[in-house]
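One structure is given below, encoded as structure tokens.
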Amino acid sequence: MSVHRPLPRADLPIDTTALARNLIGKIVVRTLPEGIASGRIVETEAYIVGDAAGHAYRGMTQRNRSLFLEHGRVYVYIAYGTSNMLNVSSEAPGIGAGVLIRALEPLEGIPIMQVNRGTERLQDLARGPGRLTAALRIDRSLDGLDLCRKGPLWLAYDNHETGEIGQSTRIGISQDTDRLLRFYLRGNRFVSGSRALNK
């Protein structure tokens, strides 16, 4: 059973960029039939209000409605037809924006993640947004879930010292590409992206 303390909504900034930075070092906890699997967030990207690269840019739809809920809710979408992406809603209710969780440092339930990913290589279990959702078995069934209370998927505090947070442009987008809205834990081997981005 996980001993982590849930992250209250009151401790999450109601601001997309601030939340993307704030989530570095926090824990994603996944409750599965086999047990608890968790990882420390080491990389995020902010998709702010009015961001042409964000899913909320053209307004609320059936698909993206979770981005318009209170901050701290799950938004899961499928990228490239194959990979689930884990996002956290980040603004006041009715305002669409979110933070993409890009990479985790595996903590608990590593054997579960290895089976889910089909690899034993620790560094590759959750390094990248599609890998981490596969490792934790996150899919659209969790969309809209409250991350601020214990359940199938939730956010928790970590007693670990966070370290230095770096900032860069985002990865794999074609619009608003020059914004420095990607945050990562400097020197952490579980961060994705090129060496040039992770200075």
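Chain lettering (A, B, ...) mirrors the order of the structure tokens, residue numbering begins at 1 for each chain separately, and ligand numbering begins at 1 in order of display.
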**OP:** If you run DSSP over the backbone, which residues in stretch 10-187 of chain A end up alpha helix (DSSP H)? Put them as a PyMOL selection string.
**Re:** chain A and resi 16-22+110-117+129-135
Write a file of the just-selected residues containing C-alpha atoms, as a PDB file, in the first residue's frame.
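result_32.pdb written:
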```pdb
ATOM      1  CA  THR A  16      -0.825  26.397 -16.367  1.00  0.00           C
ATOM      2  CA  THR A  17       2.827  27.438 -16.515  1.00  0.00           C
ATOM      3  CA  ALA A  18       3.152  27.551 -12.726  1.00  0.00           C
ATOM      4  CA  LEU A  19       1.525  24.122 -12.439  1.00  0.00           C
ATOM      5  CA  ALA A  20       3.871  22.607 -15.038  1.00  0.00           C
ATOM      6  CA  ARG A  21       6.836  23.732 -12.937  1.00  0.00           C
ATOM      7  CA  ASN A  22       5.153  22.821  -9.640  1.00  0.00           C
ATOM      8  CA  ILE A 110       8.774  -1.562 -11.159  1.00  0.00           C
ATOM      9  CA  PRO A 111       8.082  -5.261 -11.986  1.00  0.00           C
ATOM     10  CA  ILE A 112       4.491  -4.280 -12.874  1.00  0.00           C
ATOM     11  CA  MET A 113       5.772  -1.540 -15.177  1.00  0.00           C
ATOM     12  CA  GLN A 114       8.258  -3.913 -16.788  1.00  0.00           C
ATOM     13  CA  VAL A 115       5.475  -6.349 -17.664  1.00  0.00           C
ATOM     14  CA  ASN A 116       3.225  -3.553 -18.929  1.00  0.00           C
ATOM     15  CA  ARG A 117       6.005  -2.140 -21.127  1.00  0.00           C
ATOM     16  CA  PRO A 129       4.660  10.387 -22.503  1.00  0.00           C
ATOM     17  CA  GLY A 130       3.541   7.269 -24.382  1.00  0.00           C
ATOM     18  CA  ARG A 131       5.874   5.020 -22.434  1.00  0.00           C
ATOM     19  CA  LEU A 132       4.742   6.259 -19.027  1.00  0.00           C
ATOM     20  CA  THR A 133       1.064   5.698 -19.779  1.00  0.00           C
ATOM     21  CA  ALA A 134       1.835   2.186 -21.030  1.00  0.00           C
ATOM     22  CA  ALA A 135       3.914   1.483 -17.903  1.00  0.00           C
TER      23      ALA A 135
END
```
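Close contacts of A:Ser194, defined as residues with an atom at most 12 Å away when counting only C-alpha atoms, with chain neighbours fewer than 6 positions off set aside, comprise Gly128, Ser168, Thr169, Arg170, Ile171 and Gly172 of chain A.
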For the residues in that selection, give me N, CA, C and O atoms as a PDB file, in the first residue's frame.
```pdb
ATOM      1  N   GLY A 128       9.227   9.372 -21.537  1.00  0.00           N
ATOM      2  CA  GLY A 128       8.415   9.757 -22.694  1.00  0.00           C
ATOM      3  C   GLY A 128       6.952   9.542 -22.373  1.00  0.00           C
ATOM      4  O   GLY A 128       6.592   8.629 -21.632  1.00  0.00           O
ATOM      5  N   SER A 168      12.756  24.680 -21.419  1.00  0.00           N
ATOM      6  CA  SER A 168      13.101  24.679 -22.844  1.00  0.00           C
ATOM      7  C   SER A 168      11.841  24.808 -23.688  1.00  0.00           C
ATOM      8  O   SER A 168      10.724  24.879 -23.166  1.00  0.00           O
ATOM      9  N   THR A 169      12.015  24.788 -25.012  1.00  0.00           N
ATOM     10  CA  THR A 169      10.879  24.693 -25.913  1.00  0.00           C
ATOM     11  C   THR A 169      10.282  23.292 -25.819  1.00  0.00           C
ATOM     12  O   THR A 169      10.920  22.358 -25.331  1.00  0.00           O
ATOM     13  N   ARG A 170       9.052  23.156 -26.306  1.00  0.00           N
ATOM     14  CA  ARG A 170       8.351  21.878 -26.223  1.00  0.00           C
ATOM     15  C   ARG A 170       8.759  20.940 -27.359  1.00  0.00           C
ATOM     16  O   ARG A 170       9.388  21.356 -28.323  1.00  0.00           O
ATOM     17  N   ILE A 171       8.382  19.674 -27.211  1.00  0.00           N
ATOM     18  CA  ILE A 171       8.809  18.631 -28.139  1.00  0.00           C
ATOM     19  C   ILE A 171       7.637  18.190 -29.023  1.00  0.00           C
ATOM     20  O   ILE A 171       6.518  18.016 -28.538  1.00  0.00           O
ATOM     21  N   GLY A 172       7.900  18.016 -30.308  1.00  0.00           N
ATOM     22  CA  GLY A 172       6.951  17.374 -31.202  1.00  0.00           C
ATOM     23  C   GLY A 172       5.705  18.173 -31.549  1.00  0.00           C
ATOM     24  O   GLY A 172       4.661  17.595 -31.833  1.00  0.00           O
TER      25      GLY A 172
END
```
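The nearest approach to A:Arg149 among the residues A:Gly72, A:Pro33, A:Ala56, A:Val3, with only C-alpha atoms taken into account, belongs to A:Gly72.
With distances restricted to only C-alpha atoms, A:His71 is the closest residue to A:Ile14 from A:Arg102, A:His71, A:His160, A:Lys199.
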Subject >> Two-atom distance - atom CA of A:Ile165, atom CA of A:Leu12 (Å) >> reply: 17.3 Å
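Proximity ranking of A:Leu197, A:Ile138, A:Ile95, A:Ala79 relative to A:Val49 places A:Ile95 first, based on only C-alpha atoms.
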Original post:
Residues at most 9 Å from A:Asn64, counting only C-alpha atoms, excluding those fewer than 2 positions away in the same chain, as a ChimeraX atom specification?
Top reply: /A:55-56,59-62,66-68,75-77,96
File of the preceding selection, N, CA, C and O atoms, as a PDB file, in the first residue's frame:
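Generated file (result_13.pdb):
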```
ATOM      1  N   HIS A  55      -4.921  21.450 -26.970  1.00  0.00           N
ATOM      2  CA  HIS A  55      -6.179  20.824 -27.393  1.00  0.00           C
ATOM      3  C   HIS A  55      -7.409  21.670 -27.089  1.00  0.00           C
ATOM      4  O   HIS A  55      -8.475  21.421 -27.632  1.00  0.00           O
ATOM      5  N   ALA A  56      -7.264  22.665 -26.222  1.00  0.00           N
ATOM      6  CA  ALA A  56      -8.403  23.513 -25.872  1.00  0.00           C
ATOM      7  C   ALA A  56      -8.515  24.748 -26.769  1.00  0.00           C
ATOM      8  O   ALA A  56      -9.443  25.546 -26.618  1.00  0.00           O
ATOM      9  N   GLY A  59     -11.842  25.550 -28.397  1.00  0.00           N
ATOM     10  CA  GLY A  59     -13.005  25.455 -27.526  1.00  0.00           C
ATOM     11  C   GLY A  59     -13.298  24.038 -27.063  1.00  0.00           C
ATOM     12  O   GLY A  59     -12.616  23.084 -27.445  1.00  0.00           O
ATOM     13  N   MET A  60     -14.312  23.921 -26.231  1.00  0.00           N
ATOM     14  CA  MET A  60     -14.636  22.637 -25.618  1.00  0.00           C
ATOM     15  C   MET A  60     -15.357  21.720 -26.595  1.00  0.00           C
ATOM     16  O   MET A  60     -16.247  22.136 -27.318  1.00  0.00           O
ATOM     17  N   THR A  61     -14.949  20.444 -26.576  1.00  0.00           N
ATOM     18  CA  THR A  61     -15.597  19.399 -27.354  1.00  0.00           C
ATOM     19  C   THR A  61     -15.835  18.204 -26.432  1.00  0.00           C
ATOM     20  O   THR A  61     -15.379  18.191 -25.274  1.00  0.00           O
ATOM     21  N   GLN A  62     -16.521  17.204 -26.941  1.00  0.00           N
ATOM     22  CA  GLN A  62     -16.717  15.983 -26.162  1.00  0.00           C
ATOM     23  C   GLN A  62     -15.377  15.354 -25.795  1.00  0.00           C
ATOM     24  O   GLN A  62     -15.200  14.839 -24.698  1.00  0.00           O
ATOM     25  N   SER A  66     -12.513  17.476 -20.358  1.00  0.00           N
ATOM     26  CA  SER A  66     -11.826  17.370 -19.065  1.00  0.00           C
ATOM     27  C   SER A  66     -10.820  18.496 -18.852  1.00  0.00           C
ATOM     28  O   SER A  66     -10.500  18.848 -17.714  1.00  0.00           O
ATOM     29  N   LEU A  67     -10.316  19.083 -19.953  1.00  0.00           N
ATOM     30  CA  LEU A  67      -9.395  20.218 -19.833  1.00  0.00           C
ATOM     31  C   LEU A  67     -10.094  21.451 -19.266  1.00  0.00           C
ATOM     32  O   LEU A  67      -9.431  22.371 -18.781  1.00  0.00           O
ATOM     33  N   PHE A  68     -11.421  21.486 -19.326  1.00  0.00           N
ATOM     34  CA  PHE A  68     -12.197  22.640 -18.867  1.00  0.00           C
ATOM     35  C   PHE A  68     -12.756  22.440 -17.453  1.00  0.00           C
ATOM     36  O   PHE A  68     -13.495  23.275 -16.960  1.00  0.00           O
ATOM     37  N   TYR A  75      -6.829  14.510 -17.976  1.00  0.00           N
ATOM     38  CA  TYR A  75      -7.236  14.545 -19.384  1.00  0.00           C
ATOM     39  C   TYR A  75      -6.340  13.564 -20.129  1.00  0.00           C
ATOM     40  O   TYR A  75      -5.114  13.727 -20.155  1.00  0.00           O
ATOM     41  N   VAL A  76      -6.931  12.530 -20.696  1.00  0.00           N
ATOM     42  CA  VAL A  76      -6.180  11.534 -21.472  1.00  0.00           C
ATOM     43  C   VAL A  76      -6.649  11.601 -22.919  1.00  0.00           C
ATOM     44  O   VAL A  76      -7.846  11.582 -23.187  1.00  0.00           O
ATOM     45  N   TYR A  77      -5.700  11.700 -23.830  1.00  0.00           N
ATOM     46  CA  TYR A  77      -6.029  11.620 -25.247  1.00  0.00           C
ATOM     47  C   TYR A  77      -5.073  10.637 -25.922  1.00  0.00           C
ATOM     48  O   TYR A  77      -4.022  10.293 -25.375  1.00  0.00           O
ATOM     49  N   GLY A  96     -10.054  26.241 -20.588  1.00  0.00           N
ATOM     50  CA  GLY A  96      -9.361  25.057 -21.065  1.00  0.00           C
ATOM     51  C   GLY A  96      -7.862  25.236 -21.212  1.00  0.00           C
ATOM     52  O   GLY A  96      -7.393  26.087 -21.963  1.00  0.00           O
TER      53      GLY A  96
END
```
Would you give me, as CSV, each residue of stretch 93-173 of chain A having an atom within 7 Å of an atom of stretch 185-188 of chain A, along with its shortest atom pair and that distance in Å to one decimal, using only C-alpha atoms and sorting by chain and residue number?
```
residue,atom,partner,partner_atom,distance
A:Gly163,CA,A:Leu185,CA,6.7
A:Glu164,CA,A:Arg186,CA,5.7
A:Ile165,CA,A:Leu185,CA,4.8
A:Gly166,CA,A:Arg186,CA,5.7
```
Those residues with N, CA and C atoms, as an mmCIF file, in the first residue's frame please?
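Generated file (selection-v9.cif):
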```
data_model
loop_
_atom_site.group_PDB
_atom_site.id
_atom_site.type_symbol
_atom_site.label_atom_id
_atom_site.label_comp_id
_atom_site.auth_asym_id
_atom_site.auth_seq_id
_atom_site.Cartn_x
_atom_site.Cartn_y
_atom_site.Cartn_z
ATOM 1 N N GLY A 163 15.550 19.315 -6.692
ATOM 2 C CA GLY A 163 16.708 19.596 -7.536
ATOM 3 C C GLY A 163 16.446 20.770 -8.463
ATOM 4 N N GLU A 164 17.367 21.006 -9.398
ATOM 5 C CA GLU A 164 17.285 22.169 -10.285
ATOM 6 C C GLU A 164 16.370 21.875 -11.468
ATOM 7 N N ILE A 165 15.449 22.795 -11.723
ATOM 8 C CA ILE A 165 14.497 22.636 -12.812
ATOM 9 C C ILE A 165 14.951 23.440 -14.025
ATOM 10 N N GLY A 166 15.062 22.752 -15.166
ATOM 11 C CA GLY A 166 15.408 23.404 -16.421
ATOM 12 C C GLY A 166 14.166 23.771 -17.211
#
```
**OP:** For A:Ala53, list every protein, DNA or RNA residue within 8 Å, evaluated using only C-alpha atoms, and leave out those in the same chain fewer than 2 positions away; present the list as JSON, numbers by chain.
**Re:** {"A": [47, 51, 55, 57, 173, 174, 175, 176]}
Original post:
Which neighbours of A:Leu145 fall inside 8 Å, counting only C-alpha atoms, when residues of the same chain fewer than 5 positions from it are skipped, and could you give them as a ChimeraX atom specification?
Top reply: /A:73-74,153
How about saving the chosen residues, C-alpha atoms kept, as a PDB file, in the first residue's frame?
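Once everything was written out, this is again-v2.pdb:
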```pdb
ATOM      1  CA  ARG A  73      -8.298  16.570 -13.189  1.00  0.00           C
ATOM      2  CA  VAL A  74      -7.084  13.930 -15.651  1.00  0.00           C
ATOM      3  CA  LEU A 153      -4.747   7.378 -10.345  1.00  0.00           C
TER       4      LEU A 153
END
```
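Nearest to A:Ser83 of all the residues A:Lys26, A:Glu161, A:Asp11, A:Arg140 is A:Arg140, counting only C-alpha atoms.
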Original post:
Where does DSSP see strand (DSSP E) in stretch 108-169 of chain A, if you list the residues as a ChimeraX atom specification?
Top reply: /A:153-156,165-168
Selected residues, N, CA and C atoms, written as a PDB file, in the first residue's frame, please.
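Dumped everything to result14.pdb:
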```pdb
ATOM      1  N   LEU A 153      -5.879   6.558  -9.927  1.00  0.00           N
ATOM      2  CA  LEU A 153      -4.747   7.378 -10.345  1.00  0.00           C
ATOM      3  C   LEU A 153      -4.798   8.676  -9.565  1.00  0.00           C
ATOM      4  N   TRP A 154      -3.670   9.055  -8.958  1.00  0.00           N
ATOM      5  CA  TRP A 154      -3.666  10.275  -8.150  1.00  0.00           C
ATOM      6  C   TRP A 154      -2.258  10.855  -8.030  1.00  0.00           C
ATOM      7  N   LEU A 155      -2.207  12.101  -7.556  1.00  0.00           N
ATOM      8  CA  LEU A 155      -0.947  12.809  -7.352  1.00  0.00           C
ATOM      9  C   LEU A 155      -0.595  12.843  -5.875  1.00  0.00           C
ATOM     10  N   ALA A 156       0.702  12.779  -5.584  1.00  0.00           N
ATOM     11  CA  ALA A 156       1.143  12.748  -4.185  1.00  0.00           C
ATOM     12  C   ALA A 156       2.399  13.597  -4.004  1.00  0.00           C
ATOM     13  N   ILE A 165      15.449  22.795 -11.723  1.00  0.00           N
ATOM     14  CA  ILE A 165      14.497  22.636 -12.812  1.00  0.00           C
ATOM     15  C   ILE A 165      14.951  23.440 -14.025  1.00  0.00           C
ATOM     16  N   GLY A 166      15.062  22.752 -15.166  1.00  0.00           N
ATOM     17  CA  GLY A 166      15.408  23.404 -16.421  1.00  0.00           C
ATOM     18  C   GLY A 166      14.166  23.771 -17.211  1.00  0.00           C
ATOM     19  N   GLN A 167      14.349  24.569 -18.246  1.00  0.00           N
ATOM     20  CA  GLN A 167      13.222  25.051 -19.052  1.00  0.00           C
ATOM     21  C   GLN A 167      13.653  25.097 -20.522  1.00  0.00           C
ATOM     22  N   SER A 168      12.756  24.680 -21.419  1.00  0.00           N
ATOM     23  CA  SER A 168      13.101  24.679 -22.844  1.00  0.00           C
ATOM     24  C   SER A 168      11.841  24.808 -23.688  1.00  0.00           C
TER      25      SER A 168
END
```
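Considering only C-alpha atoms, the residue among A:Val29, A:Ala46, A:Asp143, A:Glu108 positioned nearest to A:Pro6 is A:Val29.
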